[in-house]
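Engineer: What follows is upload-v9.pdb, PDB, C-alpha atoms.
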```pdb
ATOM      1  CA  MET A   1      10.229-157.844  -3.526
ATOM      2  CA  SER A   2       6.909-156.138  -3.594
ATOM      3  CA  GLY A   3       3.904-158.392  -3.365
ATOM      4  CA  PRO A   4       0.391-157.383  -4.218
ATOM      5  CA  ARG A   5      -1.101-154.661  -2.068
ATOM      6  CA  ARG A   6      -2.813-156.178   0.900
ATOM      7  CA  ASP A   7      -6.044-154.822   2.166
ATOM      8  CA  PRO A   8      -5.930-154.929   5.980
ATOM      9  CA  ASP A   9      -9.538-156.192   5.941
ATOM     10  CA  VAL A  10      -8.429-159.350   4.157
ATOM     11  CA  VAL A  11      -6.399-160.291   7.176
ATOM     12  CA  ARG A  12      -8.466-158.891   9.969
ATOM     13  CA  PRO A  13     -11.625-161.029   9.911
ATOM     14  CA  TYR A  14      -9.512-164.170   9.890
ATOM     15  CA  VAL A  15      -7.360-163.048  12.804
ATOM     16  CA  ARG A  16     -10.353-161.745  14.709
ATOM     17  CA  THR A  17     -12.088-165.079  14.694
ATOM     18  CA  GLY A  18      -9.114-167.135  15.859
ATOM     19  CA  GLY A  19      -8.498-168.546  12.407
ATOM     20  CA  ARG A  20     -12.018-169.741  11.711
ATOM     21  CA  SER A  21     -13.575-168.718   8.451
ATOM     22  CA  ARG A  22     -17.044-170.201   8.946
ATOM     23  CA  PRO A  23     -19.442-170.457  11.872
ATOM     24  CA  SER A  24     -19.341-173.839  13.613
ATOM     25  CA  ARG A  25     -23.121-173.962  13.818
ATOM     26  CA  ASP A  26     -26.171-172.501  12.146
ATOM     27  CA  VAL A  27     -25.931-168.874  13.203
ATOM     28  CA  ARG A  28     -27.805-166.450  11.001
ATOM     29  CA  LEU A  29     -28.062-162.686  10.968
ATOM     30  CA  GLU A  30     -31.466-162.921  12.677
ATOM     31  CA  THR A  31     -30.406-165.554  15.247
ATOM     32  CA  LEU A  32     -31.243-164.331  18.749
ATOM     33  CA  VAL A  33     -28.821-164.864  21.619
ATOM     34  CA  ILE A  34     -28.360-163.908  25.237
ATOM     35  CA  ALA A  35     -25.360-164.281  27.539
ATOM     36  CA  ALA A  36     -25.257-167.243  29.873
ATOM     37  CA  ASP A  37     -23.847-166.930  33.356
ATOM     38  CA  SER A  38     -20.229-167.520  32.373
ATOM     39  CA  PRO A  39     -16.991-165.750  33.222
ATOM     40  CA  LEU A  40     -15.314-163.340  30.805
ATOM     41  CA  GLN A  41     -11.876-164.755  31.511
ATOM     42  CA  GLY A  42     -10.012-166.392  28.693
ATOM     43  CA  LEU A  43     -11.942-164.775  25.863
ATOM     44  CA  GLU A  44     -10.217-162.949  23.029
ATOM     45  CA  PRO A  45     -10.937-159.194  22.896
ATOM     46  CA  ASP A  46     -13.631-159.297  20.190
ATOM     47  CA  ALA A  47     -15.339-162.362  21.674
ATOM     48  CA  ARG A  48     -15.234-160.602  25.014
ATOM     49  CA  ARG A  49     -16.978-157.542  23.541
ATOM     50  CA  VAL A  50     -19.679-159.707  21.976
ATOM     51  CA  PHE A  51     -20.223-161.612  25.198
ATOM     52  CA  ALA A  52     -20.269-158.401  27.274
ATOM     53  CA  VAL A  53     -22.866-156.740  25.076
ATOM     54  CA  CYS A  54     -25.052-159.847  25.178
ATOM     55  CA  ARG A  55     -25.177-159.641  28.967
ATOM     56  CA  GLY A  56     -27.592-156.736  28.597
ATOM     57  CA  GLY A  57     -30.393-158.782  27.035
ATOM     58  CA  VAL A  58     -31.606-160.528  23.901
ATOM     59  CA  LEU A  59     -30.011-159.384  20.625
ATOM     60  CA  ALA A  60     -29.811-160.703  17.085
ATOM     61  CA  VAL A  61     -26.451-161.284  15.412
ATOM     62  CA  ALA A  62     -27.107-158.355  13.052
ATOM     63  CA  GLU A  63     -27.738-156.078  16.029
ATOM     64  CA  ILE A  64     -24.502-157.144  17.706
ATOM     65  CA  ALA A  65     -22.708-156.355  14.438
ATOM     66  CA  ALA A  66     -24.395-152.955  14.196
ATOM     67  CA  GLY A  67     -23.814-152.088  17.844
ATOM     68  CA  LEU A  68     -20.168-153.149  17.979
ATOM     69  CA  GLU A  69     -19.345-152.064  14.414
ATOM     70  CA  LEU A  70     -17.929-155.470  13.553
ATOM     71  CA  PRO A  71     -18.535-157.168  10.183
ATOM     72  CA  ALA A  72     -21.585-159.424  10.415
ATOM     73  CA  SER A  73     -19.651-162.436   9.107
ATOM     74  CA  VAL A  74     -17.138-162.011  11.941
ATOM     75  CA  VAL A  75     -19.920-161.738  14.514
ATOM     76  CA  ARG A  76     -21.554-164.916  13.185
ATOM     77  CA  ILE A  77     -18.342-166.829  13.761
ATOM     78  CA  LEU A  78     -17.707-165.285  17.185
ATOM     79  CA  VAL A  79     -21.286-165.991  18.280
ATOM     80  CA  SER A  80     -21.097-169.604  17.152
ATOM     81  CA  GLY A  81     -17.854-170.039  19.106
ATOM     82  CA  LEU A  82     -19.392-168.424  22.184
ATOM     83  CA  MET A  83     -22.405-170.731  21.892
ATOM     84  CA  ASP A  84     -20.063-173.725  21.622
ATOM     85  CA  SER A  85     -18.261-172.621  24.795
ATOM     86  CA  GLY A  86     -21.526-172.016  26.630
ATOM     87  CA  HIS A  87     -21.092-168.246  26.938
ATOM     88  CA  LEU A  88     -24.116-167.493  24.760
ATOM     89  CA  ALA A  89     -27.396-169.338  24.376
ATOM     90  CA  ALA A  90     -30.620-169.014  22.436
ATOM     91  CA  PRO A  91     -33.292-167.237  24.506
ATOM     92  CA  VAL A  92     -35.243-170.507  24.673
ATOM     93  CA  ARG A  93     -34.618-173.905  23.183
ATOM     94  CA  ARG A  94     -36.251-173.829  19.802
ATOM     95  CA  SER A  95     -38.134-176.856  18.646
ATOM     96  CA  ARG A  96     -39.202-175.802  15.184
ATOM     97  CA  ALA A  97     -37.373-177.145  12.176
ATOM     98  CA  ASP A  98     -35.019-175.043  10.062
ATOM     99  CA  ALA A  99     -37.512-174.702   7.269
ATOM    100  CA  PRO A 100     -40.180-172.086   7.884
ATOM    101  CA  THR A 101     -43.354-173.677   9.119
ATOM    102  CA  THR A 102     -46.830-172.762   7.995
ATOM    103  CA  ASP A 103     -47.465-171.691  11.528
ATOM    104  CA  LEU A 104     -44.605-169.193  11.482
ATOM    105  CA  LEU A 105     -45.849-167.693   8.204
ATOM    106  CA  LYS A 106     -49.367-167.498   9.654
ATOM    107  CA  GLU A 107     -47.974-165.839  12.738
ATOM    108  CA  VAL A 108     -46.033-163.302  10.660
ATOM    109  CA  LEU A 109     -49.131-162.656   8.555
ATOM    110  CA  HIS A 110     -51.277-162.178  11.614
ATOM    111  CA  GLY A 111     -48.684-159.857  13.121
ATOM    112  CA  LEU A 112     -48.450-157.724   9.973
ATOM    113  CA  ARG A 113     -52.236-157.495   9.708
ATOM    114  CA  SER A 114     -52.401-156.386  13.321
ATOM    115  CA  ILE A 115     -50.157-153.388  12.609
ATOM    116  CA  ALA A 116     -51.677-152.497   9.207
TER     117      ALA A 116
ATOM    118  CA  MET B 117     -10.835-151.507  -0.982
ATOM    119  CA  ALA B 118     -12.116-150.921   2.484
ATOM    120  CA  SER B 119     -14.648-148.213   1.889
ATOM    121  CA  ALA B 120     -18.200-148.754   3.004
ATOM    122  CA  PRO B 121     -20.457-147.631   0.199
ATOM    123  CA  SER B 122     -24.125-147.804   0.895
ATOM    124  CA  PRO B 123     -25.600-150.061  -1.756
ATOM    125  CA  ASP B 124     -28.882-148.226  -1.641
ATOM    126  CA  PRO B 125     -29.298-144.704  -0.358
ATOM    127  CA  GLY B 126     -32.957-144.754  -1.380
ATOM    128  CA  PRO B 127     -34.811-142.326  -3.614
ATOM    129  CA  SER B 128     -34.636-139.553  -1.060
ATOM    130  CA  GLY B 129     -30.869-139.561  -1.446
ATOM    131  CA  GLY B 130     -30.505-140.040   2.273
ATOM    132  CA  GLY B 131     -28.333-142.696   3.782
ATOM    133  CA  THR B 132     -27.020-140.918   6.802
ATOM    134  CA  ALA B 133     -30.330-140.263   8.500
ATOM    135  CA  LEU B 134     -30.886-143.701   9.908
ATOM    136  CA  SER B 135     -33.780-143.059  12.206
ATOM    137  CA  GLY B 136     -36.987-143.963  10.481
ATOM    138  CA  GLY B 137     -39.139-142.926  13.402
ATOM    139  CA  THR B 138     -39.250-142.967  17.132
ATOM    140  CA  ASP B 139     -37.987-145.787  19.268
ATOM    141  CA  LEU B 140     -38.896-144.799  22.789
ATOM    142  CA  PRO B 141     -36.526-145.830  25.542
ATOM    143  CA  GLY B 142     -37.900-148.632  27.651
ATOM    144  CA  PRO B 143     -36.969-150.642  30.692
ATOM    145  CA  HIS B 144     -34.658-152.853  28.666
ATOM    146  CA  ASP B 145     -32.478-150.023  27.471
ATOM    147  CA  THR B 146     -29.541-150.978  29.643
ATOM    148  CA  ALA B 147     -26.673-150.416  27.244
ATOM    149  CA  PRO B 148     -26.714-146.837  25.996
ATOM    150  CA  ASP B 149     -23.506-147.442  24.019
ATOM    151  CA  LEU B 150     -25.418-149.726  21.625
ATOM    152  CA  GLY B 151     -27.564-146.867  20.434
ATOM    153  CA  PHE B 152     -30.706-148.974  20.456
ATOM    154  CA  GLU B 153     -32.746-151.130  22.775
ATOM    155  CA  TYR B 154     -32.421-154.763  23.635
ATOM    156  CA  HIS B 155     -35.406-156.942  22.909
ATOM    157  CA  PRO B 156     -37.872-157.459  25.721
ATOM    158  CA  PRO B 157     -37.088-160.750  27.512
ATOM    159  CA  THR B 158     -40.273-162.305  26.100
ATOM    160  CA  VAL B 159     -38.810-162.220  22.567
ATOM    161  CA  THR B 160     -37.494-165.681  21.782
ATOM    162  CA  ARG B 161     -38.041-166.166  18.053
ATOM    163  CA  SER B 162     -37.132-164.297  14.896
ATOM    164  CA  ALA B 163     -38.075-164.343  11.233
ATOM    165  CA  LYS B 164     -36.439-162.642   8.281
ATOM    166  CA  LEU B 165     -37.663-161.071   5.060
ATOM    167  CA  LEU B 166     -35.397-159.543   2.442
ATOM    168  CA  ILE B 167     -36.240-156.160   0.942
ATOM    169  CA  THR B 168     -34.341-156.136  -2.286
ATOM    170  CA  GLY B 169     -34.077-154.520  -5.679
ATOM    171  CA  PRO B 170     -31.669-152.457  -7.748
ATOM    172  CA  PHE B 171     -29.588-149.529  -6.512
ATOM    173  CA  GLY B 172     -31.607-146.507  -5.441
ATOM    174  CA  VAL B 173     -35.020-148.153  -5.691
ATOM    175  CA  GLY B 174     -36.018-147.292  -2.121
ATOM    176  CA  LYS B 175     -35.162-150.363  -0.037
ATOM    177  CA  THR B 176     -33.905-148.435   2.979
ATOM    178  CA  THR B 177     -36.794-146.010   2.657
ATOM    179  CA  LEU B 178     -39.241-148.910   2.880
ATOM    180  CA  VAL B 179     -37.460-150.461   5.862
ATOM    181  CA  GLY B 180     -37.543-147.072   7.603
ATOM    182  CA  ALA B 181     -41.221-146.580   6.807
ATOM    183  CA  VAL B 182     -42.196-149.920   8.353
ATOM    184  CA  ALA B 183     -39.711-150.415  11.212
ATOM    185  CA  PRO B 184     -39.397-147.940  14.097
ATOM    186  CA  LEU B 185     -35.634-147.829  13.737
ATOM    187  CA  VAL B 186     -33.202-148.545  10.913
ATOM    188  CA  LEU B 187     -29.848-149.991  11.933
ATOM    189  CA  ARG B 188     -26.754-150.273   9.793
ATOM    190  CA  MET B 189     -24.288-153.113   9.878
ATOM    191  CA  ASP B 190     -21.195-153.821   7.857
ATOM    192  CA  GLU B 191     -20.596-157.019   6.008
ATOM    193  CA  SER B 192     -17.331-157.995   4.379
ATOM    194  CA  MET B 193     -17.461-159.533   0.967
ATOM    195  CA  THR B 194     -14.632-161.342  -0.735
ATOM    196  CA  GLU B 195     -14.649-161.195  -4.494
ATOM    197  CA  ALA B 196     -12.325-161.776  -7.373
ATOM    198  CA  SER B 197     -11.239-158.364  -8.538
ATOM    199  CA  VAL B 198      -9.472-159.248 -11.759
ATOM    200  CA  GLY B 199     -10.337-156.955 -14.600
ATOM    201  CA  VAL B 200     -12.214-154.546 -12.417
ATOM    202  CA  ASP B 201      -9.811-152.430 -10.456
ATOM    203  CA  ASP B 202      -6.651-154.504 -10.321
ATOM    204  CA  LEU B 203      -3.947-152.506 -12.043
ATOM    205  CA  ARG B 204      -1.521-155.424 -12.195
ATOM    206  CA  GLY B 205      -3.896-157.680 -14.007
ATOM    207  CA  THR B 206      -3.107-160.540 -11.671
ATOM    208  CA  PRO B 207      -6.047-162.479 -10.306
ATOM    209  CA  GLN B 208      -6.504-161.739  -6.642
ATOM    210  CA  LYS B 209      -9.277-161.438  -4.185
ATOM    211  CA  THR B 210     -10.261-158.267  -2.474
ATOM    212  CA  THR B 211     -12.424-157.771   0.533
ATOM    213  CA  THR B 212     -15.015-155.056   0.255
ATOM    214  CA  THR B 213     -17.027-153.806   3.171
ATOM    215  CA  VAL B 214     -20.655-153.216   2.338
ATOM    216  CA  ALA B 215     -22.999-151.293   4.621
ATOM    217  CA  MET B 216     -26.436-152.845   4.926
ATOM    218  CA  ASP B 217     -29.527-151.384   6.532
ATOM    219  CA  PHE B 218     -32.053-153.404   8.415
ATOM    220  CA  GLY B 219     -35.015-152.890  10.679
ATOM    221  CA  ARG B 220     -36.906-154.923  13.204
ATOM    222  CA  LEU B 221     -40.552-155.163  14.010
ATOM    223  CA  HIS B 222     -42.046-156.871  17.035
ATOM    224  CA  LEU B 223     -45.039-158.794  15.700
ATOM    225  CA  ASN B 224     -46.181-160.178  19.036
ATOM    226  CA  GLU B 225     -44.592-160.567  22.423
ATOM    227  CA  SER B 226     -42.341-163.447  21.385
ATOM    228  CA  LEU B 227     -41.706-162.930  17.664
ATOM    229  CA  VAL B 228     -39.521-160.307  15.995
ATOM    230  CA  LEU B 229     -39.442-159.799  12.223
ATOM    231  CA  TYR B 230     -36.259-158.524  10.591
ATOM    232  CA  LEU B 231     -36.329-156.665   7.288
ATOM    233  CA  PHE B 232     -32.952-156.694   5.576
ATOM    234  CA  GLY B 233     -32.267-154.200   2.818
ATOM    235  CA  THR B 234     -30.439-156.449   0.387
ATOM    236  CA  PRO B 235     -28.512-155.066  -2.584
ATOM    237  CA  GLY B 236     -29.764-156.659  -5.775
ATOM    238  CA  GLN B 237     -26.890-155.979  -8.141
ATOM    239  CA  ALA B 238     -25.128-159.100  -9.399
ATOM    240  CA  ARG B 239     -21.812-157.974  -7.914
ATOM    241  CA  PHE B 240     -23.256-158.371  -4.410
ATOM    242  CA  ARG B 241     -23.866-162.098  -4.964
ATOM    243  CA  PRO B 242     -21.279-163.053  -2.265
ATOM    244  CA  LEU B 243     -23.481-161.344   0.334
ATOM    245  CA  TRP B 244     -26.549-163.328  -0.593
ATOM    246  CA  GLU B 245     -25.545-166.615   0.957
ATOM    247  CA  GLY B 246     -25.766-165.207   4.460
ATOM    248  CA  LEU B 247     -28.837-163.141   3.703
ATOM    249  CA  ALA B 248     -30.982-165.623   1.778
ATOM    250  CA  ASP B 249     -30.282-168.454   4.219
ATOM    251  CA  GLY B 250     -33.354-168.752   6.412
ATOM    252  CA  ALA B 251     -35.264-165.908   4.758
ATOM    253  CA  LEU B 252     -38.988-166.573   4.529
ATOM    254  CA  GLY B 253     -39.076-164.667   1.265
ATOM    255  CA  ALA B 254     -38.243-161.387  -0.427
ATOM    256  CA  LEU B 255     -40.069-158.265  -1.476
ATOM    257  CA  VAL B 256     -38.528-156.967  -4.695
ATOM    258  CA  LEU B 257     -38.886-153.238  -5.223
ATOM    259  CA  VAL B 258     -38.829-152.071  -8.826
ATOM    260  CA  ASP B 259     -38.812-148.688 -10.518
ATOM    261  CA  THR B 260     -40.851-148.604 -13.724
ATOM    262  CA  ARG B 261     -38.478-145.961 -15.131
ATOM    263  CA  ASP B 262     -35.677-148.507 -15.072
ATOM    264  CA  LEU B 263     -36.981-152.073 -15.172
ATOM    265  CA  ASP B 264     -33.854-153.355 -16.927
ATOM    266  CA  HIS B 265     -31.904-153.071 -13.691
ATOM    267  CA  SER B 266     -34.320-155.454 -11.955
ATOM    268  CA  HIS B 267     -33.217-158.539 -13.864
ATOM    269  CA  ASP B 268     -30.075-159.064 -11.758
ATOM    270  CA  VAL B 269     -32.051-159.373  -8.554
ATOM    271  CA  LEU B 270     -34.644-161.712 -10.073
ATOM    272  CA  ASP B 271     -31.775-163.934 -11.238
ATOM    273  CA  LEU B 272     -30.260-163.939  -7.726
ATOM    274  CA  LEU B 273     -33.604-164.884  -6.168
ATOM    275  CA  GLU B 274     -34.031-167.765  -8.597
ATOM    276  CA  GLU B 275     -30.474-168.883  -7.924
ATOM    277  CA  TYR B 276     -31.013-168.958  -4.162
ATOM    278  CA  GLY B 277     -34.539-170.359  -4.414
ATOM    279  CA  THR B 278     -35.968-167.497  -2.377
ATOM    280  CA  PRO B 279     -39.690-166.994  -3.059
ATOM    281  CA  TYR B 280     -40.656-163.393  -3.755
ATOM    282  CA  ALA B 281     -43.313-160.867  -4.566
ATOM    283  CA  VAL B 282     -42.695-157.711  -6.602
ATOM    284  CA  ALA B 283     -43.777-154.210  -5.599
ATOM    285  CA  ILE B 284     -43.529-151.215  -7.900
ATOM    286  CA  ASN B 285     -42.244-148.298  -5.854
ATOM    287  CA  ARG B 286     -44.290-145.480  -7.297
ATOM    288  CA  PHE B 287     -42.017-142.521  -7.856
ATOM    289  CA  ASP B 288     -43.721-139.169  -8.276
ATOM    290  CA  ASP B 289     -42.395-138.535 -11.769
ATOM    291  CA  ALA B 290     -42.868-142.077 -13.092
ATOM    292  CA  VAL B 291     -45.413-142.895 -15.759
ATOM    293  CA  GLU B 292     -47.977-145.428 -14.574
ATOM    294  CA  TYR B 293     -47.862-148.552 -16.674
ATOM    295  CA  PRO B 294     -50.537-151.254 -16.598
ATOM    296  CA  LEU B 295     -49.447-154.049 -14.257
ATOM    297  CA  ASP B 296     -49.670-156.559 -17.104
ATOM    298  CA  GLU B 297     -47.038-154.648 -19.060
ATOM    299  CA  VAL B 298     -44.707-154.531 -16.054
ATOM    300  CA  ARG B 299     -45.272-158.241 -15.450
ATOM    301  CA  GLN B 300     -44.386-158.944 -19.049
ATOM    302  CA  ALA B 301     -41.322-156.684 -19.029
ATOM    303  CA  LEU B 302     -39.996-158.459 -15.935
ATOM    304  CA  ASP B 303     -40.965-161.871 -17.317
ATOM    305  CA  LEU B 304     -42.697-162.735 -14.052
ATOM    306  CA  ASP B 305     -44.372-166.036 -13.436
ATOM    307  CA  GLY B 306     -48.170-165.789 -13.466
ATOM    308  CA  SER B 307     -48.363-166.725  -9.780
ATOM    309  CA  THR B 308     -45.827-164.121  -8.599
ATOM    310  CA  PRO B 309     -47.682-161.298  -6.850
ATOM    311  CA  LEU B 310     -47.165-157.860  -8.382
ATOM    312  CA  THR B 311     -48.334-154.853  -6.417
ATOM    313  CA  VAL B 312     -47.747-151.113  -6.135
ATOM    314  CA  CYS B 313     -46.490-149.223  -3.102
ATOM    315  CA  ASP B 314     -44.975-145.959  -1.998
ATOM    316  CA  ALA B 315     -41.795-146.790  -0.064
ATOM    317  CA  ARG B 316     -42.260-143.628   2.028
ATOM    318  CA  ASP B 317     -45.747-144.623   3.141
ATOM    319  CA  ARG B 318     -45.963-147.059   6.026
ATOM    320  CA  ASP B 319     -49.426-148.389   5.304
ATOM    321  CA  SER B 320     -48.739-149.122   1.662
ATOM    322  CA  CYS B 321     -45.465-150.863   2.591
ATOM    323  CA  VAL B 322     -47.150-152.994   5.242
ATOM    324  CA  ARG B 323     -49.796-153.942   2.660
ATOM    325  CA  ALA B 324     -47.047-154.968   0.223
ATOM    326  CA  LEU B 325     -45.445-157.122   2.935
ATOM    327  CA  ILE B 326     -48.827-158.696   3.686
ATOM    328  CA  THR B 327     -49.207-159.494  -0.024
ATOM    329  CA  LEU B 328     -45.815-161.201   0.084
ATOM    330  CA  VAL B 329     -46.538-163.254   3.210
ATOM    331  CA  GLU B 330     -50.013-164.242   1.968
ATOM    332  CA  TYR B 331     -48.301-165.590  -1.132
ATOM    333  CA  LEU B 332     -45.646-167.431   0.901
ATOM    334  CA  SER B 333     -48.318-168.944   3.095
ATOM    335  CA  ALA B 334     -50.473-170.096   0.156
ATOM    336  CA  ARG B 335     -47.409-171.417  -1.628
ATOM    337  CA  GLN B 336     -46.407-173.503   1.353
ATOM    338  CA  LEU B 337     -49.883-174.966   1.743
ATOM    339  CA  GLU B 338     -49.842-175.979  -1.927
ATOM    340  CA  SER B 339     -46.438-177.650  -1.663
ATOM    341  CA  ARG B 340     -47.607-179.926   1.141
ATOM    342  CA  PRO B 341     -48.341-183.489   0.155
TER     343      PRO B 341
END
```
Kindly present the structure from the file in structure tokens form.
Structural biologist:
Amino acid sequence: MSGPRRDPDVVRPYVRTGGRSRPSRDVRLETLVIAADSPLQGLEPDARRVFAVCRGGVLAVAEIAAGLELPASVVRILVSGLMDSGHLAAPVRRSRADAPTTDLLKEVLHGLRSIA
Amino acid sequence: MASAPSPDPGPSGGGTALSGGTDLPGPHDTAPDLGFEYHPPTVTRSAKLLITGPFGVGKTTLVGAVAPLVLRMDESMTEASVGVDDLRGTPQKTTTTVAMDFGRLHLNESLVLYLFGTPGQARFRPLWEGLADGALGALVLVDTRDLDHSHDVLDLLEEYGTPYAVAINRFDDAVEYPLDEVRQALDLDGSTPLTVCDARDRDSCVRALITLVEYLSARQLESRP
């Protein structure tokens, strides 16, 4: 019996994230994270790579994906899992709401004008 | 399919030359295997703008003109492939890997702005959920030689409720049309900013981004009770 051709990438992201298909929390491409002081032991290989690279400093999810050459959707899920387990944290606790605030837009505007 | 086509090589036809400028090594460059620097420890917040538009309109060129470094990440996209390249004719899903370029810009010591080159063709819709989520807004690049191909991206922006401004990327061999005619051809709302830029020129791109953020800022003030 010959089933439909399977693309290895169909399987891989699912396996790589321990069976999860969605992040457990709001982790976006631009979400910044840094490693907490936690041990590497017990982490799956890809989660271990993400955690190890985050020990070097603050990175966004998209940068982890670019640096490790992992699909961004996989990194989002791995990062959310590592935040759940306390391996990764946001650089500081953020107090602003999810929706962009006027202040953030003003800050972006001011920043762009300063480099124009 | 597992190939990684670049959705937008830009008008220069590039796509392999990812460095848009210099990114000098600093004290935070502690992981040479990454190929780029970590953020300074003072950076704690991020914001995101989408740079979008049809294939080949100059999205990556613009990101490279504004940001010191252009990075490339892969994203996997699951789509129904029936009728497209499925020889058996049975409905099935395929996962396609799409390469996406992005850049970052430190706006002050704590805030970093990300510019994501976002493919605007309708077939990339599955990518938009992750990209549009949390985006402050989008700058839509258009080519006046081929305005028809801009309708897909305007539809996607409406669908995701992402506010946007439009910038005509002025190509050297393109006829200059009055802005009113372009506005009409794209069926733009009267309040949507329409400007002109050269995606290769940093200053004109920064001005286009300022136009976008001014609009977003004014729009948000108006929507407040």
Engineer: Evaluate the PyMOL selection byres ((chain A) within 8 of (chain B)) here and jot the selected residues down as a ChimeraX atom specification.
Structural biologist: /A:7,9-10,28-32,53,56-59,62-63,65-73,90-92,98-100,102,105-106,108-109,111-113,115-116
Engineer: Could you list, as a PDB file with C-alpha atoms, keeping the file's coordinate frame, every residue matched by the PyMOL selection byres ((chain B and resi 305) around 12) in this structure?
Structural biologist:
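New file expr08.pdb:
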```pdb
ATOM      1  CA  LEU B 270     -34.644-161.712 -10.073  1.00  0.00           C
ATOM      2  CA  GLU B 274     -34.031-167.765  -8.597  1.00  0.00           C
ATOM      3  CA  PRO B 279     -39.690-166.994  -3.059  1.00  0.00           C
ATOM      4  CA  TYR B 280     -40.656-163.393  -3.755  1.00  0.00           C
ATOM      5  CA  ALA B 281     -43.313-160.867  -4.566  1.00  0.00           C
ATOM      6  CA  VAL B 282     -42.695-157.711  -6.602  1.00  0.00           C
ATOM      7  CA  ASP B 296     -49.670-156.559 -17.104  1.00  0.00           C
ATOM      8  CA  VAL B 298     -44.707-154.531 -16.054  1.00  0.00           C
ATOM      9  CA  ARG B 299     -45.272-158.241 -15.450  1.00  0.00           C
ATOM     10  CA  GLN B 300     -44.386-158.944 -19.049  1.00  0.00           C
ATOM     11  CA  ALA B 301     -41.322-156.684 -19.029  1.00  0.00           C
ATOM     12  CA  LEU B 302     -39.996-158.459 -15.935  1.00  0.00           C
ATOM     13  CA  ASP B 303     -40.965-161.871 -17.317  1.00  0.00           C
ATOM     14  CA  LEU B 304     -42.697-162.735 -14.052  1.00  0.00           C
ATOM     15  CA  GLY B 306     -48.170-165.789 -13.466  1.00  0.00           C
ATOM     16  CA  SER B 307     -48.363-166.725  -9.780  1.00  0.00           C
ATOM     17  CA  THR B 308     -45.827-164.121  -8.599  1.00  0.00           C
ATOM     18  CA  PRO B 309     -47.682-161.298  -6.850  1.00  0.00           C
ATOM     19  CA  LEU B 310     -47.165-157.860  -8.382  1.00  0.00           C
TER      20      LEU B 310
END
```
Engineer: Rounded to one decimal, what separation in Å do you get between atom CA of Gly236 of chain B and atom CA of Gly169 of chain B?
Structural biologist: 4.8 Å
Engineer: Could you tell me how far atom CA of Arg20 of chain A sits from atom CA of Ala47 of chain A, in Å to one decimal place?
Structural biologist: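 Between atom CA of Ala47 of chain A and atom CA of Arg20 of chain A the gap works out to 12.8 Å.
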Engineer: Expressed in Å to a single decimal, how great is the separation between atom CA of Asp46 of chain A and atom CA of Asp26 of chain A?
Structural biologist: 19.9 Å
Engineer: Evaluated on this file, the PyMOL selection byres ((chain B and resi 238) around 10) picks out some residues - which ones are they, written as an MDAnalysis selection string?
Structural biologist: chainID B and resid 170 235:237 239:242 244 267:272
Engineer: Considering all atoms listed in the file, return as a PyMOL selection string whatever protein or nucleic-acid residues lie within 12 Å of Ala89 of chain A, sequence-local ones (same chain, fewer than 6 positions apart) excluded.
Structural biologist: (chain A and resi 27+31-38+51+54-55+57-60+79-83) or (chain B and resi 160)
Engineer: Name the closest residue to Val312 of chain B among the candidates B:Glu195, B:Glu245, B:Asp264, B:Asp259; distances are taken between atoms, counting only C-alpha atoms.
Structural biologist: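 Between B:Glu195, B:Glu245, B:Asp264, B:Asp259, the residue approaching Val312 of chain B most closely is B:Asp259.
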Engineer: Show me as a PyMOL selection string the residues that reach within 6 Å of (-40.1, -145.1, 4.7), counting only C-alpha atoms and using the file's own coordinates.
Structural biologist: chain B and resi 177-178+180-181+315-317
Engineer: My list of candidates is B:Cys313, B:Leu273, B:Ala254, B:Leu263. Which is closest to Asp288 of chain B when distances are computed with only C-alpha atoms?
Structural biologist: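 Of B:Cys313, B:Leu273, B:Ala254, B:Leu263, the one nearest Asp288 of chain B, counting only C-alpha atoms, is B:Cys313.
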Engineer: As lines of an AutoDock Vina configuration file, please: the centre and edge lengths in Å, to one decimal, of an axis-aligned box enclosing every listed atom of segment 57-76 of chain A with 3 Å added on each side.
Structural biologist:
```
center_x = -24.4
center_y = -158.5
center_z = 18.1
size_x = 20.5
size_y = 18.9
size_z = 23.9
```
Engineer: How about completing segment 62-69 of chain A with N, CA and C atoms and giving it to me as an mmCIF file, keeping the file's coordinate frame?
Structural biologist:
```cif
data_model
loop_
_atom_site.group_PDB
_atom_site.id
_atom_site.type_symbol
_atom_site.label_atom_id
_atom_site.label_comp_id
_atom_site.auth_asym_id
_atom_site.auth_seq_id
_atom_site.Cartn_x
_atom_site.Cartn_y
_atom_site.Cartn_z
ATOM 1 N N ALA A 62 -27.222 -159.594 13.825
ATOM 2 C CA ALA A 62 -27.107 -158.355 13.052
ATOM 3 C C ALA A 62 -27.031 -157.140 13.965
ATOM 4 N N GLU A 63 -27.758 -157.206 15.091
ATOM 5 C CA GLU A 63 -27.738 -156.078 16.029
ATOM 6 C C GLU A 63 -26.408 -155.991 16.776
ATOM 7 N N ILE A 64 -25.832 -157.142 17.081
ATOM 8 C CA ILE A 64 -24.502 -157.144 17.706
ATOM 9 C C ILE A 64 -23.499 -156.515 16.738
ATOM 10 N N ALA A 65 -23.609 -156.902 15.459
ATOM 11 C CA ALA A 65 -22.708 -156.355 14.438
ATOM 12 C C ALA A 65 -22.870 -154.844 14.324
ATOM 13 N N ALA A 66 -24.127 -154.391 14.316
ATOM 14 C CA ALA A 66 -24.395 -152.955 14.196
ATOM 15 C C ALA A 66 -23.892 -152.211 15.434
ATOM 16 N N GLY A 67 -24.159 -152.772 16.605
ATOM 17 C CA GLY A 67 -23.814 -152.088 17.844
ATOM 18 C C GLY A 67 -22.318 -152.029 18.096
ATOM 19 N N LEU A 68 -21.612 -153.093 17.721
ATOM 20 C CA LEU A 68 -20.168 -153.149 17.979
ATOM 21 C C LEU A 68 -19.342 -152.724 16.769
ATOM 22 N N GLU A 69 -20.030 -152.452 15.652
ATOM 23 C CA GLU A 69 -19.345 -152.064 14.414
ATOM 24 C C GLU A 69 -18.314 -153.102 13.990
#
```
